[in-house]
Amino acid sequence: MIRAVIVMNTQGKPRFAKFYDFQPVEKQQELIRSVHGVLCSRAENVSNFVEAESIFGPDSRVVYKHFATLYFVFVFNSSENELAMLDLIQVFVETLDKCFKNVCELDLVFNYTKMHSILDEIISGGQVLETSSAEVVKAVEEISKLETASNSINFVSKTVSGWRG
Amino acid sequence: MAGSSLMETLFQRTLDDLIKALRLQLLGESAFISKAMDEIRREIKSTDPQTKSTALQKLSYLSSLHGIDMNWAAFHVVEVMSASRFAQKKIGYLAASQSFHEATPVLLLITNQLRKDLTSTNEFEVSLALDCLSRIATIDLARDLTPEIFTLLSSTKPFVRKKAISVVLRVFGKFPDAVRVCFKRLVENLDSSDPRILSAVVGVFCELTSQDPRSYLPLAPEFYRILADSKNNWVLIKVLKIFKNLAPLEPRLARKIVEPITEHMRRTDAKSLMFECIRTVVTSLSDFESAVKLAVERTREFLVDDDPNLKYLGLHALSILVPKHSWAVLENKEVVIKSLSDVDPNVKLESLRLVMAMVYDNNVAEICRVLVNIAIKSDPEFCNEILGSILATCGENVYEIVIDFDWYVSLLGEMSRIPHCQKGGEIETQLIDIGMRVKDARPTLVMVGRDLLIDPALLGNPFMHRILSAAAWVSGEYVQFSGKPFELLEALLQPRCNLLPLSVRAVYVQSAFKVLVFCLNSYIQEQYVESSSYVDTLIENDSESISARECQDASNLHEQVEEFNSRETLSRVQTCTSASLEDNGSSIGSIAELLNFIQFSLGPLTWSHDVELLERSRNLLNFIELIRIQIPDGLNQKDGSSEMELAEISKIVELILDAFSDDFGPISVNAQERVPIPEGLIFKENLDDLEMICSDTQLPESSFSFGSSLYEERLDSSLLSQQSQQVSEPSNATTSLLSEHRKRHGLYYLPSDKTDDASNDYPPANELKLQDHLDDDAAHLVKLAERSLALKKKSTSAKPRPVVVRLDEGDELPVMRKKPQSKDEQLSDAIRNVLVGSDVMPTSSQTNQSSKPSSRRKGKEKQNADNPSESKENLGDVEEQSNTVDTSSRRTHRRHGKEGKQSSHEKRSEKKDQVHKKGKRMSSQQHSRHKAKQSGDASFPVASQTVIPDFLL
């Protein structure tokens with residue numbers, strides 16, 4: 001299963017993090033820091049795998065991809081295929097690209113919740129559920145439609161209730 | 001009230017505002033966040049759901065990316081989760097899945113909310129609940145929501161069904177009984193035509209089989225069908241992973257799947273699938289020659305690919321093959337060796353591992369030569385990686401692959417001189433270890449040690465210090481193999497030694513002591529020979545001695561020259577006992593000079609603050625004083641009395657030499673455990689007392705600590721008690737009133753009115769004494785054991801390879817037996833029950849749909865009623881099984897069969913206890929299942945044989 005998905009910039013600032021087995025927040029920060037420590041020491045044009053058993057414990061593997069100013073990091077165990085995980089990062093990034101039109105770091109900074117919606121469609125409980133970015137985009141769009149709809153209703157009703165009360 | 005809430009809403013910062021402000025803030029991040037947190041704490045208490053949910057959203061953002069604790073907000077999370085509006089509910093669910101864990105108290109409150117959302121008509125609400133459940137499900141949640149998940153497993157919406165399937169994994173893990181209800185539906189999903197559903201369910205099975213493959217063997221036909229038919233790479237990869245776990249258990253299954261897998265290997269152009277095929281073949285189908293050949297062929301394509309990822313994975317695949325098919329590596333030797341100097345650290349590491357796996361006793365020397373050469377050229381990190389793996393491989397299993405120890409010891413010396421070497425600790429251990437274990441290697445060890453010691457440049461490198469410490473120890477301990485002990489002494493006492501840490505210096509001084517005693521002894525031995533053979537020594541000696549005495553007062557330079565002469569002499573003394581008269585004479589002078597030299601260089605150390613160093617150097621200096629008393633001016637008084645004095649000296653020297661002559665042997669790791677604790681000795685009680693005393697009386701000066709250092713244990717107990725008294729006196733004065741009061745309550749305190757004698761009973765000192773005693777005992781015992789062992793070994797081995805003293809046990813750290821993971825066991829038992837006892841299955845699953853609890857009870861009753869006597873029998877079976885396991889483990893503990901037996905008994909009873917406790921703690925229904933589980937255990941092998949053949953044959 002997939003144990004964590006982390007997106008951070010090259011300076012090590014986390015932009016997004018999701019752990020599929022519970023980790024206390026301090027531990028999360030520590031893990032992110034140690035991953036960054038490993039990643040920033042790696043040259044370009046080397047393999048996308050990192051030996052990470054010292055960071056994440058036994059039976060854990062890490063693949064990452066470097067896009068512009070961002071690192072996308074997937075942590076998983078032996079039940080996943082390393083190359084397939086690389087493909088999955090590609091799917092994730094493609095989906096982000098479709099949702100935000102030429103995604104850049106700033107999009108991720110301001111769309112924290114939407115990233116969660118997107119990733120939740122791709123991975124649930126550490127299991128890969130969807131690998132087609134088109135399907136993901138479709139689901140995410142419906143979810144945001146639902147969100148805005150509920151919000152607009154809510155805005156009216158709240159105002160009314162507010163005045164009434 | 002309403003107005004204020006509206007105002008709050010209108011002026012509340014949204015998450016976007018917060019992020020923007022955070023990027024522009026000038027306060028400093030932590031200050032800004034703590035301000036924002038104050039805001040959030042206020043807003044989250046609002047009665048307005050919108051305000052509240054926005055506050056929670058901001059909180060979960062800060063928690064996730066800035067590490068802010070949000071456990072305090074758990075109840076607010078529950079409130080937001082129950083909001084009626086989707087957007088707010090979503091925020092609540094996100095926060096819950098992010099922050100809830102087993103210990104969150106409010107988890108009990110969300111069961112109904114989850115149930116409501118799981119049965120919602122809105123598929124996105126269902127999906128929220130499922131996502132959340134897949135992260136936070138506890139045993140209670142899993143138990144209570146199993147019926148809803150069961151329903152969702154056959155949902156008509158694939159969007160919901162696939163999420164329900166992925167939740168099953170967590171539910172099974174937490175609440176194995178859910179298997180009874182859900183397993184059949186889960187299996188039915190394997191027939192689904194929707195690739196997304198199939199992918200999800202295969203993923204779940206992949207995870208399940210990796211934990212306990214045997215239980216899923218009956219499903220092999222289903223998986224085989226998918227393997228043969230599916231075109232989806234994701235699904236195929238997962239199925240291959242399942243077979244990787246299943247195939248080793250059932251040879252017929254392996255035969256069956258080879259064909260489709262090789263077919264995939266020939267056809268596919270997806271690298272991920274290709275790699276999975278290769279991995280499956282090399283791990284689980286390595287007996288099938290043709291498949292392995294094809295896999296190696298494909299691996300070679302990976303190896304020569306430009307993509308470093310493929311290269312890395314190719315090397316990885318080869319390393320799996322090594323134990324069975326080393327030819328595969330030999331075929332690709334060039335690539336592997338070339339990869340050692342790749343730019344990619346992963347590739348380098350992987351190829352290093354591969355090379356190390358190819359090391360055998362016949363090629364270890366050549367491979368190590370190549371590796372050391374590469375290490376010299378590579379970056380520090382990889383260099384140490386290489387050195388580390390050489391040390392680990394050669395040291396493995398007590399130097400199993402090393403035949404030529406002279407070579408290996410010189411290699412260790414060479415490795416320590418590599419500039420980047422940071423493996424001082426490991427090299428130190430091995431140098432000493434080899435010294436103790438391999439008698440034949442000692443001459444080379446001393447030589448290598450000498451080379452290291454005399455190089456003043458090495459002293460400045462902190463990574464070298466531990467190696468130097470080992471070198472010093474070895475040269476002191478085995479000085480009889482040294483050609484030039486004088487030179488050694490000089491090296492051990494050279495001025496640059498003050499660069500060493502104190503602990504290493506202490507070793508140096510002690511070694512110098514040993515070397516000196518050795519020199520004196522060989523001098524004395526030779527004197528005896530001389531005095532018996534030559535009568536006219538006296539005249540010659542006199543003239544020589546005068547010149548030697550002059551030298552004593554002479555300049556440093558002169559001393560050096562003289563030293564050089566004397567070195568020559570002694571070495572000759574070593575080699576040929578019938579040395580010439582003149583040489584002998586200069587040797588007397590040189591001995592005196594040697595003593596001077598030592599006194600001169602150790603003088604400053606007598607004021608050292610390090611106890612060990614101080615004590616050792618004083619020992620050495622006092623010894624020299626002792627010798628000097630016997631020969632106040634030994635050189636003058638040669639006439640007549642010389643022989644008598646020589647006898648005196650030789651007595652002393654022999655005494656000391658005796659102390660040093662005992663050979664050290666390797667010490668078993670569990671030596672300490674074998675020492676029985678003397679009756680009536682209770683460490684803990686005393687320490688508790690100590691703590692109480694310390695905390696209660698509050699010593700005015702805490703400068704003296706009772707357990708401060710190991711060395712203090714060696715101090716006289718009288719000294720200790722003296723010290724403690726000194727400390728206690730002032731406190732006595734200040735706290736006398738308090739102690740009076742406490743004594744009335746029967747407590748024992750440090751500052752008592754007792755006499756001096758009584759303070760000798762003072763617990764800490766007493767305790768230390770006992771500890772000391774214990775240590776001695778242990779050392780003694782170990783020595784005894786070692787000696788008997790060494791003798792036994794010697795008699796049996798007559799090989800070209802030198803004898804390596806080796807303990808039957810305790811050389812390697814004891815491997816802890818894995819404790820049974822009760823949860824996993826429960827799960828696999830449940831699954832076996834479902835798969836094998838299919839007669840129980842339909843009734844329970846059908847009735848469960850309507851009313852679950854009652855049906856569960858029914859199922860349980862049925863199993864109970866099944867056959868009580870049978871379950872009893874099976875209990876015996878299980879015990880027998882565990883017995884056999886224990887015998888196998890006992891083999892490793894051969895030497896202490898009695899203890900081993902005992903401990904295994906204890907372990908077993910412990911295990912039983914655990915099970916019992918579990919049974920008690922959990923509800924009675926689980927207790928009954930526990931019985932059922934044993935029947936499942938016993939009946940399974942029969943069943944699996946009945947299930948599989950119709951598919952395989």
# chains A, B, ... in the order shown; residues from 1 in each chain; ligands from 1
$ interface_residues --of "chain A" --to "chain B" --cutoff "7 Å" --atoms "only C-alpha atoms" --output "MDAnalysis selection string"
chainID A and resid 1 14:17 20:22 25:26 29 46:48 79 81 83:84 110 124:125 127:130 146:147 150:151 162:163 165
$ residues_around --residues "segment 608-620 of chain B" --least-positions-apart "4" --cutoff "12 Å" --atoms "only C-alpha atoms" --output "ChimeraX atom specification"
/B:493,498,500-517,595,598-604,624-627,656,709-715
